[in-house]
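So this one's upload28.txt, compact mmCIF, N, CA and C atoms:
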# COMPACT_ATOMS: atom_id res chain seq x y z
N GLN A 102 -1.32 -21.74 4.10
CA GLN A 102 -1.71 -20.72 3.13
C GLN A 102 -2.54 -19.64 3.82
N VAL A 103 -2.34 -18.42 3.38
CA VAL A 103 -3.06 -17.29 3.93
C VAL A 103 -3.82 -16.60 2.81
N GLN A 104 -5.07 -16.29 3.06
CA GLN A 104 -5.87 -15.52 2.10
C GLN A 104 -6.07 -14.12 2.66
N LEU A 105 -5.88 -13.13 1.79
CA LEU A 105 -6.02 -11.73 2.17
C LEU A 105 -7.01 -11.06 1.24
N VAL A 106 -7.95 -10.34 1.81
CA VAL A 106 -8.96 -9.65 1.01
C VAL A 106 -9.04 -8.20 1.48
N GLU A 107 -8.73 -7.29 0.57
CA GLU A 107 -8.80 -5.87 0.87
C GLU A 107 -10.19 -5.32 0.57
N SER A 108 -10.54 -4.27 1.27
CA SER A 108 -11.80 -3.57 1.02
C SER A 108 -11.65 -2.13 1.45
N GLY A 109 -12.62 -1.30 1.02
CA GLY A 109 -12.65 0.08 1.47
C GLY A 109 -12.14 1.10 0.49
N GLY A 110 -11.63 0.66 -0.65
CA GLY A 110 -11.14 1.61 -1.62
C GLY A 110 -12.28 2.41 -2.25
N GLY A 111 -11.91 3.46 -2.97
CA GLY A 111 -12.93 4.26 -3.64
C GLY A 111 -12.37 5.58 -4.11
N LEU A 112 -13.28 6.48 -4.43
CA LEU A 112 -12.94 7.82 -4.92
C LEU A 112 -13.18 8.82 -3.79
N VAL A 113 -12.19 9.67 -3.56
CA VAL A 113 -12.29 10.67 -2.52
C VAL A 113 -11.62 11.95 -2.99
N GLN A 114 -12.07 13.06 -2.49
CA GLN A 114 -11.45 14.34 -2.86
C GLN A 114 -10.17 14.55 -2.06
N ALA A 115 -9.29 15.31 -2.61
CA ALA A 115 -8.05 15.66 -1.91
C ALA A 115 -8.40 16.32 -0.58
N GLY A 116 -7.66 15.92 0.44
CA GLY A 116 -7.92 16.39 1.80
C GLY A 116 -8.87 15.50 2.58
N GLY A 117 -9.49 14.58 1.88
CA GLY A 117 -10.44 13.68 2.54
C GLY A 117 -9.78 12.49 3.19
N SER A 118 -10.63 11.60 3.70
CA SER A 118 -10.17 10.42 4.41
C SER A 118 -10.77 9.16 3.81
N LEU A 119 -10.08 8.06 4.05
CA LEU A 119 -10.55 6.76 3.61
C LEU A 119 -9.98 5.72 4.55
N ARG A 120 -10.74 4.67 4.78
CA ARG A 120 -10.27 3.60 5.65
C ARG A 120 -10.29 2.29 4.87
N LEU A 121 -9.12 1.74 4.68
CA LEU A 121 -9.01 0.43 4.04
C LEU A 121 -8.98 -0.64 5.11
N SER A 122 -9.36 -1.83 4.72
CA SER A 122 -9.26 -2.96 5.64
C SER A 122 -8.79 -4.18 4.89
N CYS A 123 -8.08 -5.04 5.58
CA CYS A 123 -7.60 -6.29 5.01
C CYS A 123 -8.01 -7.41 5.96
N ALA A 124 -8.77 -8.34 5.44
CA ALA A 124 -9.21 -9.49 6.23
C ALA A 124 -8.35 -10.69 5.89
N ALA A 125 -7.80 -11.33 6.91
CA ALA A 125 -6.91 -12.47 6.71
C ALA A 125 -7.56 -13.75 7.20
N SER A 126 -7.26 -14.83 6.53
CA SER A 126 -7.75 -16.14 6.95
C SER A 126 -6.76 -17.20 6.53
N GLY A 127 -6.85 -18.36 7.14
CA GLY A 127 -6.03 -19.50 6.75
C GLY A 127 -4.87 -19.79 7.67
N ARG A 128 -4.59 -18.89 8.60
CA ARG A 128 -3.48 -19.09 9.53
C ARG A 128 -3.76 -18.25 10.77
N THR A 129 -3.17 -18.66 11.88
CA THR A 129 -3.35 -17.88 13.10
C THR A 129 -2.90 -16.45 12.87
N PHE A 130 -3.84 -15.53 13.00
CA PHE A 130 -3.58 -14.14 12.63
C PHE A 130 -2.46 -13.53 13.44
N SER A 131 -2.39 -13.86 14.70
CA SER A 131 -1.36 -13.27 15.57
C SER A 131 0.05 -13.69 15.18
N SER A 132 0.19 -14.71 14.35
CA SER A 132 1.52 -15.16 13.92
C SER A 132 2.01 -14.41 12.70
N LEU A 133 1.20 -13.51 12.18
CA LEU A 133 1.53 -12.80 10.94
C LEU A 133 1.98 -11.38 11.20
N ALA A 134 3.02 -10.98 10.47
CA ALA A 134 3.33 -9.57 10.33
C ALA A 134 2.65 -9.11 9.04
N LEU A 135 2.15 -7.90 9.03
CA LEU A 135 1.35 -7.44 7.89
C LEU A 135 1.81 -6.09 7.39
N GLY A 136 1.59 -5.89 6.12
CA GLY A 136 1.98 -4.62 5.52
C GLY A 136 0.99 -4.17 4.47
N TRP A 137 1.07 -2.90 4.16
CA TRP A 137 0.33 -2.31 3.04
C TRP A 137 1.34 -1.76 2.05
N PHE A 138 1.09 -2.04 0.80
CA PHE A 138 1.88 -1.51 -0.30
C PHE A 138 0.93 -0.86 -1.29
N ARG A 139 1.48 -0.09 -2.21
CA ARG A 139 0.64 0.50 -3.25
C ARG A 139 1.41 0.59 -4.55
N GLN A 140 0.64 0.62 -5.62
CA GLN A 140 1.24 0.75 -6.94
C GLN A 140 0.40 1.68 -7.79
N ALA A 141 1.01 2.77 -8.21
CA ALA A 141 0.35 3.73 -9.09
C ALA A 141 0.64 3.35 -10.53
N PRO A 142 -0.19 3.78 -11.46
CA PRO A 142 0.02 3.45 -12.87
C PRO A 142 1.39 3.88 -13.35
N GLY A 143 2.11 2.97 -13.97
CA GLY A 143 3.41 3.28 -14.52
C GLY A 143 4.53 3.38 -13.50
N LYS A 144 4.24 3.05 -12.25
CA LYS A 144 5.25 3.15 -11.21
C LYS A 144 5.49 1.80 -10.54
N GLU A 145 6.61 1.71 -9.84
CA GLU A 145 6.92 0.50 -9.08
C GLU A 145 6.03 0.43 -7.85
N ARG A 146 5.83 -0.80 -7.40
CA ARG A 146 5.13 -0.98 -6.14
C ARG A 146 5.97 -0.38 -5.01
N GLU A 147 5.33 0.28 -4.06
CA GLU A 147 6.07 0.90 -2.97
C GLU A 147 5.44 0.58 -1.62
N PHE A 148 6.29 0.55 -0.63
CA PHE A 148 5.87 0.29 0.74
C PHE A 148 5.07 1.47 1.28
N VAL A 149 4.05 1.16 2.06
CA VAL A 149 3.23 2.18 2.71
C VAL A 149 3.36 2.10 4.23
N ALA A 150 3.05 0.94 4.78
CA ALA A 150 3.06 0.78 6.24
C ALA A 150 3.14 -0.69 6.59
N ALA A 151 3.64 -0.96 7.81
CA ALA A 151 3.72 -2.34 8.29
C ALA A 151 3.45 -2.37 9.78
N ILE A 152 2.96 -3.51 10.23
CA ILE A 152 2.71 -3.70 11.65
C ILE A 152 3.17 -5.10 12.03
N MET A 153 3.90 -5.18 13.13
CA MET A 153 4.45 -6.46 13.54
C MET A 153 3.45 -7.24 14.39
N TRP A 154 3.85 -8.40 14.86
CA TRP A 154 2.94 -9.36 15.42
C TRP A 154 2.16 -8.84 16.62
N GLY A 155 2.83 -8.21 17.56
CA GLY A 155 2.15 -7.75 18.76
C GLY A 155 1.40 -6.45 18.57
N GLY A 156 1.63 -5.81 17.42
CA GLY A 156 0.97 -4.55 17.14
C GLY A 156 1.65 -3.34 17.74
N LEU A 157 2.74 -3.57 18.48
CA LEU A 157 3.39 -2.44 19.13
C LEU A 157 4.38 -1.75 18.20
N ARG A 158 4.88 -2.49 17.23
CA ARG A 158 5.84 -1.90 16.30
C ARG A 158 5.15 -1.65 14.96
N THR A 159 5.16 -0.39 14.57
CA THR A 159 4.61 0.01 13.28
C THR A 159 5.65 0.84 12.53
N TYR A 160 5.56 0.76 11.21
CA TYR A 160 6.52 1.46 10.36
C TYR A 160 5.75 2.11 9.21
N TYR A 161 6.26 3.26 8.77
CA TYR A 161 5.59 4.00 7.71
C TYR A 161 6.60 4.53 6.71
N ALA A 162 6.15 4.63 5.47
CA ALA A 162 6.92 5.35 4.46
C ALA A 162 6.89 6.83 4.82
N ASP A 163 7.95 7.52 4.51
CA ASP A 163 8.03 8.94 4.82
C ASP A 163 6.88 9.72 4.18
N SER A 164 6.45 9.27 3.01
CA SER A 164 5.42 9.99 2.26
C SER A 164 4.05 9.94 2.93
N VAL A 165 3.84 8.99 3.85
CA VAL A 165 2.53 8.87 4.49
C VAL A 165 2.59 9.09 5.99
N LYS A 166 3.78 9.23 6.52
CA LYS A 166 3.95 9.38 7.97
C LYS A 166 3.18 10.61 8.47
N GLY A 167 2.41 10.42 9.52
CA GLY A 167 1.61 11.50 10.07
C GLY A 167 0.23 11.61 9.44
N ARG A 168 0.00 10.91 8.33
CA ARG A 168 -1.31 10.95 7.66
C ARG A 168 -2.01 9.59 7.70
N PHE A 169 -1.23 8.53 7.64
CA PHE A 169 -1.80 7.18 7.62
C PHE A 169 -1.53 6.49 8.95
N THR A 170 -2.45 5.63 9.35
CA THR A 170 -2.28 4.85 10.57
C THR A 170 -2.65 3.40 10.31
N ILE A 171 -1.70 2.51 10.60
CA ILE A 171 -1.95 1.08 10.47
C ILE A 171 -2.22 0.51 11.86
N SER A 172 -3.13 -0.43 11.92
CA SER A 172 -3.44 -1.08 13.18
C SER A 172 -3.82 -2.53 12.88
N ARG A 173 -4.06 -3.29 13.94
CA ARG A 173 -4.50 -4.67 13.71
C ARG A 173 -5.50 -5.05 14.79
N ASP A 174 -6.46 -5.84 14.38
CA ASP A 174 -7.47 -6.35 15.30
C ASP A 174 -7.34 -7.87 15.28
N ASN A 175 -6.64 -8.38 16.28
CA ASN A 175 -6.40 -9.83 16.29
C ASN A 175 -7.67 -10.64 16.50
N ALA A 176 -8.66 -10.05 17.13
CA ALA A 176 -9.93 -10.76 17.35
C ALA A 176 -10.70 -10.91 16.04
N LYS A 177 -10.59 -9.92 15.17
CA LYS A 177 -11.32 -9.96 13.90
C LYS A 177 -10.43 -10.37 12.73
N SER A 178 -9.13 -10.52 12.98
CA SER A 178 -8.17 -10.88 11.92
C SER A 178 -8.19 -9.86 10.78
N THR A 179 -8.17 -8.61 11.16
CA THR A 179 -8.17 -7.55 10.15
C THR A 179 -7.04 -6.55 10.40
N VAL A 180 -6.65 -5.89 9.33
CA VAL A 180 -5.62 -4.87 9.39
C VAL A 180 -6.16 -3.60 8.74
N PRO A 181 -6.66 -2.67 9.50
CA PRO A 181 -7.13 -1.42 8.93
C PRO A 181 -5.97 -0.48 8.59
N LEU A 182 -6.20 0.32 7.57
CA LEU A 182 -5.27 1.40 7.24
C LEU A 182 -6.12 2.67 7.14
N GLN A 183 -5.99 3.52 8.13
CA GLN A 183 -6.72 4.78 8.14
C GLN A 183 -5.90 5.82 7.41
N MET A 184 -6.49 6.43 6.40
CA MET A 184 -5.78 7.39 5.58
C MET A 184 -6.44 8.75 5.70
N GLU A 185 -5.68 9.73 6.11
CA GLU A 185 -6.17 11.09 6.29
C GLU A 185 -5.42 12.05 5.37
N SER A 186 -6.01 13.21 5.19
CA SER A 186 -5.37 14.27 4.38
C SER A 186 -4.85 13.72 3.06
N LEU A 187 -5.69 13.03 2.38
CA LEU A 187 -5.27 12.36 1.15
C LEU A 187 -4.88 13.36 0.07
N LYS A 188 -3.90 12.96 -0.72
CA LYS A 188 -3.39 13.77 -1.80
C LYS A 188 -3.57 13.02 -3.12
N ALA A 189 -3.51 13.76 -4.21
CA ALA A 189 -3.65 13.13 -5.52
C ALA A 189 -2.58 12.05 -5.72
N GLU A 190 -1.40 12.29 -5.17
CA GLU A 190 -0.30 11.32 -5.34
C GLU A 190 -0.50 10.04 -4.52
N ASP A 191 -1.53 9.98 -3.71
CA ASP A 191 -1.86 8.75 -2.99
C ASP A 191 -2.68 7.80 -3.87
N THR A 192 -3.09 8.27 -5.03
CA THR A 192 -3.86 7.43 -5.94
C THR A 192 -3.05 6.22 -6.37
N ALA A 193 -3.61 5.04 -6.16
CA ALA A 193 -2.90 3.80 -6.47
C ALA A 193 -3.81 2.62 -6.15
N VAL A 194 -3.37 1.45 -6.56
CA VAL A 194 -3.98 0.22 -6.06
C VAL A 194 -3.23 -0.15 -4.79
N TYR A 195 -3.96 -0.37 -3.73
CA TYR A 195 -3.37 -0.69 -2.43
C TYR A 195 -3.49 -2.18 -2.17
N TYR A 196 -2.37 -2.77 -1.78
CA TYR A 196 -2.29 -4.20 -1.54
C TYR A 196 -1.94 -4.49 -0.09
N CYS A 197 -2.58 -5.49 0.43
CA CYS A 197 -2.26 -6.01 1.76
C CYS A 197 -1.31 -7.19 1.58
N ALA A 198 -0.34 -7.30 2.48
CA ALA A 198 0.63 -8.38 2.41
C ALA A 198 0.87 -8.96 3.80
N ALA A 199 1.25 -10.22 3.85
CA ALA A 199 1.46 -10.87 5.14
C ALA A 199 2.63 -11.84 5.06
N THR A 200 3.26 -12.05 6.21
CA THR A 200 4.33 -13.03 6.31
C THR A 200 4.32 -13.65 7.69
N ALA A 201 4.76 -14.91 7.75
CA ALA A 201 4.90 -15.60 9.02
C ALA A 201 6.38 -15.79 9.37
N ARG A 202 7.26 -15.11 8.64
CA ARG A 202 8.69 -15.25 8.88
C ARG A 202 9.08 -14.57 10.18
N ALA A 203 10.27 -14.90 10.63
CA ALA A 203 10.81 -14.25 11.82
C ALA A 203 11.06 -12.78 11.53
N TYR A 204 11.17 -12.01 12.60
CA TYR A 204 11.35 -10.57 12.44
C TYR A 204 12.58 -10.27 11.59
N SER A 205 12.43 -9.24 10.77
CA SER A 205 13.51 -8.76 9.93
C SER A 205 13.34 -7.27 9.76
N THR A 206 14.42 -6.62 9.44
CA THR A 206 14.32 -5.19 9.15
C THR A 206 13.86 -4.96 7.71
N ASN A 207 13.53 -6.02 7.01
CA ASN A 207 13.08 -5.91 5.63
C ASN A 207 11.58 -5.69 5.51
N TRP A 208 10.98 -5.14 6.54
CA TRP A 208 9.52 -4.97 6.54
C TRP A 208 9.04 -4.02 5.43
N ASP A 209 9.93 -3.27 4.80
CA ASP A 209 9.53 -2.38 3.72
C ASP A 209 9.82 -3.00 2.34
N GLN A 210 10.22 -4.25 2.33
CA GLN A 210 10.53 -4.94 1.08
C GLN A 210 9.44 -5.93 0.72
N GLY A 211 8.92 -5.83 -0.47
CA GLY A 211 7.87 -6.74 -0.88
C GLY A 211 8.29 -8.20 -0.84
N ALA A 212 9.56 -8.46 -1.07
CA ALA A 212 10.05 -9.84 -1.10
C ALA A 212 9.98 -10.52 0.27
N TRP A 213 9.86 -9.74 1.34
CA TRP A 213 9.79 -10.33 2.67
C TRP A 213 8.43 -10.98 2.93
N TYR A 214 7.43 -10.54 2.19
CA TYR A 214 6.07 -11.00 2.40
C TYR A 214 5.75 -12.17 1.49
N ASP A 215 5.05 -13.15 2.02
CA ASP A 215 4.75 -14.37 1.28
C ASP A 215 3.35 -14.37 0.70
N TYR A 216 2.46 -13.57 1.24
CA TYR A 216 1.07 -13.62 0.82
C TYR A 216 0.59 -12.21 0.47
N TRP A 217 -0.23 -12.15 -0.57
CA TRP A 217 -0.72 -10.87 -1.08
C TRP A 217 -2.20 -10.94 -1.39
N GLY A 218 -2.87 -9.81 -1.18
CA GLY A 218 -4.25 -9.71 -1.60
C GLY A 218 -4.34 -9.26 -3.04
N GLN A 219 -5.56 -9.11 -3.52
CA GLN A 219 -5.80 -8.73 -4.92
C GLN A 219 -5.73 -7.23 -5.13
N GLY A 220 -5.82 -6.47 -4.07
CA GLY A 220 -5.71 -5.03 -4.19
C GLY A 220 -7.05 -4.32 -4.22
N THR A 221 -7.03 -3.07 -3.82
CA THR A 221 -8.22 -2.22 -3.86
C THR A 221 -7.80 -0.84 -4.37
N GLN A 222 -8.60 -0.29 -5.26
CA GLN A 222 -8.26 0.98 -5.92
C GLN A 222 -8.62 2.16 -5.03
N VAL A 223 -7.66 3.06 -4.88
CA VAL A 223 -7.90 4.33 -4.20
C VAL A 223 -7.61 5.45 -5.20
N THR A 224 -8.59 6.30 -5.42
CA THR A 224 -8.43 7.42 -6.34
C THR A 224 -8.73 8.70 -5.59
N VAL A 225 -7.75 9.61 -5.61
CA VAL A 225 -7.90 10.90 -4.94
C VAL A 225 -7.97 11.98 -6.01
N SER A 226 -9.08 12.68 -6.06
CA SER A 226 -9.25 13.72 -7.05
C SER A 226 -8.79 15.06 -6.49
N SER A 227 -8.11 15.81 -7.34
CA SER A 227 -7.57 17.11 -6.88
C SER A 227 -8.48 18.25 -7.30
Is it possible to express this structure as structure tokens?
Amino acid sequence: QVQLVESGGGLVQAGGSLRLSCAASGRTFSSLALGWFRQAPGKEREFVAAIMWGGLRTYYADSVKGRFTISRDNAKSTVPLQMESLKAEDTAVYYCAATARAYSTNWDQGAWYDYWGQGTQVTVSS
């Protein structure tokens, strides 16, 4: 079992920055692929970013590419998501997800991930 706890959400003005973090426990962190998803009110959950086991492969949704950066700290078992140039449409609850499955191209699919955090609210005011 893997426990995921997100932190760092809050209220920020459009154009500002925010850094989310996800702390993982319960399994060897280096064995996990991790992702960030978000869900805005009245909308489906959507993929934001993912990082594979070695940290060399990262993937982003087109809507955040060039603005968000996902990384991983295997020593601290955390997955930061640095968000820059935030827009009102980035407002959502952000969820951290993890899986110990073998590599797949389904890294943007929520069903590929086995473990989820409780989420952290990000609100961008325009």
Need to verify the contact set: Tyr204 (chain A), 12 Å, only C-alpha atoms, exclusion of same-chain residues closer than 2 positions in sequence. Can you return it as a ChimeraX atom specification?
/A:132-135,151-155,158,200-202,206-208,213-214
Pick out the residues sitting within 6.5 Å of Arg128 (chain A), and hand them over as JSON, numbers by chain; count only N, CA and C atoms, and ignore anything fewer than 3 positions along from it in its own chain.
{"A": [102, 103, 104, 125, 131, 132]}
So the first atom is atom C of Ala115 (chain A) and the second is atom N of Val165 (chain A); what is the distance between them in Å, to one decimal place?
14.9 Å
When distances are computed from only C-alpha atoms, which of A:Cys197, A:Val223, A:Ala189, A:Ala212 shows the smallest separation from Leu105 (chain A)?
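Using only C-alpha atoms, Leu105 (chain A) sits closest to A:Cys197.
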Within 6 Å of region 176-187 of chain A, which residues of region 107-170 of chain A come that close, and what is the closest atom pair and distance in Å for each? Count only N, CA and C atoms and give it as a Markdown table.
| residue | atom | partner | partner_atom | distance |
| --- | --- | --- | --- | --- |
| A:Gln114 | C | A:Leu187 | C | 5.8 |
| A:Ala115 | CA | A:Leu187 | C | 4.4 |
| A:Gly116 | N | A:Leu187 | C | 3.8 |
| A:Gly117 | N | A:Leu187 | N | 4.1 |
| A:Ser118 | CA | A:Met184 | C | 4.3 |
| A:Leu119 | C | A:Met184 | N | 4.0 |
| A:Arg120 | CA | A:Gln183 | CA | 4.5 |
| A:Leu121 | C | A:Leu182 | N | 3.8 |
| A:Ser122 | CA | A:Pro181 | CA | 4.2 |
| A:Cys123 | C | A:Val180 | N | 3.9 |
| A:Ala124 | CA | A:Thr179 | CA | 4.5 |
| A:Ala125 | N | A:Ser178 | C | 4.2 |
| A:Phe130 | CA | A:Ser178 | CA | 5.7 |
| A:Arg168 | C | A:Glu185 | N | 4.0 |
| A:Phe169 | CA | A:Gln183 | C | 4.3 |
| A:Thr170 | N | A:Gln183 | C | 4.0 |
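Across the structure, atom N of Asn175 (chain A) and atom C of Arg146 (chain A) are spaced 26.0 Å apart.
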For atom C of Glu145 (chain A) and atom C of Leu157 (chain A), quote the distance in Å rounded to one decimal.
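Distance reported for this atom pair: 26.2 Å.
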Given the choices A:Gly218, A:Thr224, A:Val149, A:Ser108, which gets closest to Ala198 (chain A) if the distance is worked out from all atoms listed in the file?
A:Gly218
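Of the listed residues A:Thr192, A:Tyr160, A:Thr129, A:Phe138, the one whose atoms come nearest to Gly211 (chain A) is A:Phe138, with distances taken using all atoms listed in the file.
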Check chain A with DSSP on the backbone and list each residue it calls helix (DSSP H, G or I), as a PyMOL selection string.
chain A and resi 130-132+189-191+211-213
Would you please extract all strand (DSSP E) residues from chain A, as assigned by DSSP on the backbone, and give them as number ranges by chain?
A: 104-108, 111-114, 119-126, 134-140, 147-152, 159-161, 169-171, 182-184, 193-200, 216-217, 221-226
Shortest interatomic distance to Trp217 (chain A) - which of A:Ser172, A:Ser205, A:Val194, A:Ala199, counting only N, CA and C atoms:
A:Ala199
From the list A:Gln219, A:Gly156, A:Ser227, A:Glu190, the nearest residue to Asp174 (chain A) using only C-alpha atoms is A:Gly156
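Once all atoms listed in the file are considered, the residues situated within 8 Å of the file point (-14.8, 2.5, -3.6) turn out to be Ser108, Gly109, Gly110, Gly111, Leu112, Val113, Thr221, Gln222, Val223 and Thr224 of chain A.
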